[in-house]
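Chemist: Here's a structure for you.
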Amino acid sequence: SAGLSGEVGADTAMVLRYRLRLSRDQFFETVERTAERRLDWELDIAQASLESILKRKTYSADVGVLWQRLEPSSEFFFGADNYTTSAIFASLLLKPWSKLNYKLDGQLTTNNNQRSLKLSGGVVTGGKKRLLELQASYTERLFSENNDLWFWQDQQFRLLQSNGLELLESGVAGKSRSFTLDGALQRVFLKRYTIRFEGFHRSFANLSLPRQQYRFNGSRLIAEDIVLFHEQMGNLAGFSLNLFARLSETVTVKADYRRDAIVSGSGLFKEKQQEIPESRAQIKVDWKPVEHLPIQSRTAYRAATEWVQYDVENNPFPIITEPFITTDISIRKLFWKKRLSGSLAMRNLFNAEQRYHPLGGQMDLNYYLRLGVNL
């Protein structure tokens with residue numbers, strides 16, 4: 001990739017910022033074929049933006065335009081030569097006084113005579129000891145903005161068909177919509193302890209979600225056709241709790257916990273969410289017993305996940321990953337006036353059974369040794 005960016009009038013209240021970027025994404029078959037599966041894809045991407053920024057003591061504003069051109073190439077692609085997307089955007093930051101900020105953002109995107117709107121707004125109030133944050137957003141997303149396999153299949157990219165699979169569709173692809181609401185409260189005690197609580201709600205409509213079909217042939221699962229279900233919807237809610245403590249000049253502790261819950265949704269939406277852990281937690285301890293010898297430990301918990309798409313007749317393999325707790329430790333040492341460095345890391349120290357996918361491998365105890373020279 002290559003690019004060019006810069007600013008005009010950087011030392012003034014009005015700034016003109018420009019960016020230009022050219023890149024190429026390539027995916028080719030690099031290993032021996034397995035069951036005649038092949039991949040051949042090349043995508044040239046040209047992006048440009050021009051933005052005008054106005055800065056004042058109590059507010060700042062910017063307005064700009066975006067342009068993107070995609071040019072796909074593949075022996076399996078039979079669609080148009082290029083696809084162009086353009087957008088206009090604007091944002092406004094108000095700072096009526098030091099402990100109160102308002103932020104508003106908006107963007108209108110156009111592609112092939114279709115339009116999508118994105119709006120967000122938030123308020124932050126408080127100082128170093130107390131902080132309150134509220135934010136809401138409404139997002140529309142064109143099917144073309146996803147730039148994923150399902151969009152390119154819709155544009156006559158016949159990769160799946162060339163590998164003996166079919167993409168079936170249920171419903172009509174369209175513009176997805178989401179609404180989010182976030183809030184956070186943070187408090188600092190005695191300059192050493194910080195507690196932060198966050199809550200959120202997510203609402204999704206008109207999503208396009210894939211579901212792979214499988215069958216068991218007596219020894220393994222065989223992937224069959226894929227069904228892309230449009231017009232899917234769902235609602236999520238959750239919270240997180242973050243703690244930070246500076247116990248001494250050499251020891252700090254961070255603890256995090258997050259929990260997500262499915263409030264409602266279509267059947268496939270719920271299936272997809274069940275593949276994500278409902279709760280996660282971790283504790284990190286940083287200790288520097290002597291200068292240039294940092295030691296870090298991390299203990300993490302990950303809840304169970306369920307993969308319903310593998311629940312087919314006669315399948316003996318599990319469709320659930322069990323919850324697990326793992327501990328990692330890393331030690332780093334600097335030598336010779338910081339010119340040499342060495343680090344040792346141990347992942348999954350107690351060799352817990354750790355799986356992120358029911359059909360994936362188990363992540364056992366691993367050692368990592370690294371030596372470096374700083375010139």
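Just remember, in the structure tokens the first chain shown is A, the second B, etc., residues are 1-based per chain, and ligands are 1-based in the order shown.
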Tell me, which residues of stretch 253-351 of chain A carry DSSP alpha helix (DSSP H), written as a count of residues only?

Modeler: 8

Chemist: Give me the residues near stretch 355-363 of chain A as a list of chain:residue names, where near means some atom within 8 Å (using only C-alpha atoms) and where sequence neighbours in that chain fewer than 4 positions away do not count.

Modeler: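 Near stretch 355-363 of chain A, the qualifying residues are A:Trp307, A:Phe317, A:Pro318, A:Ile319, A:Ile320, A:Thr321, A:Glu322, A:Asn348.
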
Chemist: How close does stretch 33-134 of chain A get to stretch 13-17 of chain A? List, as JSON lines, each residue of stretch 33-134 of chain A within 7 Å, its nearest atom pair and the distance in Å to one decimal, counting only C-alpha atoms.

Modeler:
{"residue": "A:Leu50", "atom": "CA", "partner": "A:Arg17", "partner_atom": "CA", "distance": 5.9}
{"residue": "A:Glu51", "atom": "CA", "partner": "A:Arg17", "partner_atom": "CA", "distance": 5.1}
{"residue": "A:Ser52", "atom": "CA", "partner": "A:Leu16", "partner_atom": "CA", "distance": 4.6}
{"residue": "A:Ile53", "atom": "CA", "partner": "A:Val15", "partner_atom": "CA", "distance": 5.0}
{"residue": "A:Leu54", "atom": "CA", "partner": "A:Met14", "partner_atom": "CA", "distance": 4.6}
{"residue": "A:Lys55", "atom": "CA", "partner": "A:Ala13", "partner_atom": "CA", "distance": 5.1}
{"residue": "A:Arg56", "atom": "CA", "partner": "A:Ala13", "partner_atom": "CA", "distance": 6.8}

Chemist: Please indicate the distance in Å from atom CA of A:Val253 to atom CA of A:Phe324, rounded to one decimal place.

Modeler: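 These atoms are spaced 21.4 Å apart.
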
Chemist: Nearest to A:Asp25 among A:Leu70, A:Leu375, A:Ile226, A:Ala61, with distances taken over only C-alpha atoms: which residue is it?

Modeler: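 Going through A:Leu70, A:Leu375, A:Ile226, A:Ala61 one by one, the smallest distance to A:Asp25 is for A:Leu70.
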
Chemist: Determine the nearest neighbour of A:Gln68 from the options A:Lys284, A:Arg19, A:Arg177, A:His230, counting only C-alpha atoms.

Modeler: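 Nearest to A:Gln68: A:Arg19.
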
Chemist: Which of these, A:Thr305, A:Ser341, A:Asn217, A:Thr194, has the shortest distance to A:Thr252 once you count only C-alpha atoms?

Modeler: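 Ranking A:Thr305, A:Ser341, A:Asn217, A:Thr194 by distance to A:Thr252, first place goes to A:Thr194.
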
Chemist: I'd like the interatomic distance between atom CA of A:Lys338 and atom CA of A:Lys288, to a tenth of an Å.

Modeler: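 Result for atom CA of A:Lys338 versus atom CA of A:Lys288: 15.7 Å, one decimal.
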
Chemist: As a PyMOL selection string, list the residues of stretch 168-373 of chain A assigned to strand (DSSP E or B) by DSSP on the backbone atoms of this structure.

Modeler: chain A and resi 168-170+176-189+193-216+221-246+251-265+279-287+295-302+305-306+320-321+324-335+340-347+366-373

Chemist: When you look at A:Arg339 with a cut-off of 10 Å (counting only C-alpha atoms), what residues show up, excluding the ones that are within fewer than 5 positions of it in the same chain? I need them as a ChimeraX atom specification.

Modeler: /A:334,372-375

Chemist: Which residues are near A:Leu22? Cut-off 6 Å, only C-alpha atoms, ignore same chain within fewer than 4 positions. Put them as a list in words.

Modeler: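 Using only C-alpha atoms, the neighbours found are Ser1, Ala2, Ile45 and Ala46 of chain A.
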
Chemist: Tell me, in Å to one decimal, how far atom CA of A:Phe143 is from atom CA of A:Asp182.

Modeler: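 Between these atoms lies a distance of 25.5 Å.
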
Chemist: So that I can see what lies close to A:Asp44, please list as JSON, numbers by chain the residues with an atom at most 9 Å from it, counting only C-alpha atoms and leaving out residues fewer than 5 positions away in the same chain.

Modeler: {"A": [22, 23, 24, 25, 26, 69, 70, 71, 72, 73]}

Chemist: Based on the selection just made, write N, CA, C and O atoms of those residues as an mmCIF file, in the first residue's frame.

Modeler:
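Everything below was put into result_14.cif:
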data_model
loop_
_atom_site.group_PDB
_atom_site.id
_atom_site.type_symbol
_atom_site.label_atom_id
_atom_site.label_comp_id
_atom_site.auth_asym_id
_atom_site.auth_seq_id
_atom_site.Cartn_x
_atom_site.Cartn_y
_atom_site.Cartn_z
ATOM 1 N N LEU A 22 -3.653 4.170 -1.529
ATOM 2 C CA LEU A 22 -3.834 3.115 -2.523
ATOM 3 C C LEU A 22 -3.339 1.806 -1.920
ATOM 4 O O LEU A 22 -2.241 1.758 -1.357
ATOM 5 N N SER A 23 -4.120 0.761 -2.030
ATOM 6 C CA SER A 23 -3.729 -0.523 -1.448
ATOM 7 C C SER A 23 -4.288 -1.660 -2.281
ATOM 8 O O SER A 23 -5.191 -1.469 -3.111
ATOM 9 N N ARG A 24 -3.761 -2.839 -2.030
ATOM 10 C CA ARG A 24 -4.205 -4.038 -2.740
ATOM 11 C C ARG A 24 -4.286 -5.199 -1.763
ATOM 12 O O ARG A 24 -3.326 -5.505 -1.053
ATOM 13 N N ASP A 25 -5.449 -5.821 -1.736
ATOM 14 C CA ASP A 25 -5.653 -7.034 -0.946
ATOM 15 C C ASP A 25 -5.585 -8.226 -1.891
ATOM 16 O O ASP A 25 -6.277 -8.248 -2.906
ATOM 17 N N GLN A 26 -4.756 -9.206 -1.515
ATOM 18 C CA GLN A 26 -4.594 -10.379 -2.362
ATOM 19 C C GLN A 26 -4.741 -11.641 -1.541
ATOM 20 O O GLN A 26 -4.181 -11.754 -0.446
ATOM 21 N N ARG A 69 -12.967 3.718 -4.044
ATOM 22 C CA ARG A 69 -13.186 2.958 -5.276
ATOM 23 C C ARG A 69 -12.584 1.573 -5.107
ATOM 24 O O ARG A 69 -11.404 1.438 -4.743
ATOM 25 N N LEU A 70 -13.391 0.531 -5.360
ATOM 26 C CA LEU A 70 -12.955 -0.854 -5.255
ATOM 27 C C LEU A 70 -12.934 -1.477 -6.644
ATOM 28 O O LEU A 70 -13.917 -1.374 -7.386
ATOM 29 N N GLU A 71 -11.819 -2.125 -6.988
ATOM 30 C CA GLU A 71 -11.703 -2.806 -8.270
ATOM 31 C C GLU A 71 -11.315 -4.265 -8.027
ATOM 32 O O GLU A 71 -10.150 -4.576 -7.770
ATOM 33 N N PRO A 72 -12.284 -5.181 -8.083
ATOM 34 C CA PRO A 72 -12.001 -6.599 -7.827
ATOM 35 C C PRO A 72 -11.477 -7.307 -9.071
ATOM 36 O O PRO A 72 -11.746 -6.914 -10.207
ATOM 37 N N SER A 73 -10.717 -8.368 -8.813
ATOM 38 C CA SER A 73 -10.201 -9.182 -9.910
ATOM 39 C C SER A 73 -10.055 -10.616 -9.434
ATOM 40 O O SER A 73 -9.451 -10.880 -8.392
#

Chemist: Could you list, as an MDAnalysis selection string, every residue within 12 Å of A:Arg370, counting only C-alpha atoms and ignoring same-chain residues fewer than 3 positions away?

Modeler: chainID A and resid 330:334 340:346 367 373

Chemist: Residues at most 12 Å from A:Leu149, counting only C-alpha atoms, excluding those fewer than 2 positions away in the same chain, as a VMD selection string?

Modeler: chain A and resid 39 41 77 143 to 147 151 to 160 167 208 to 210 226 228
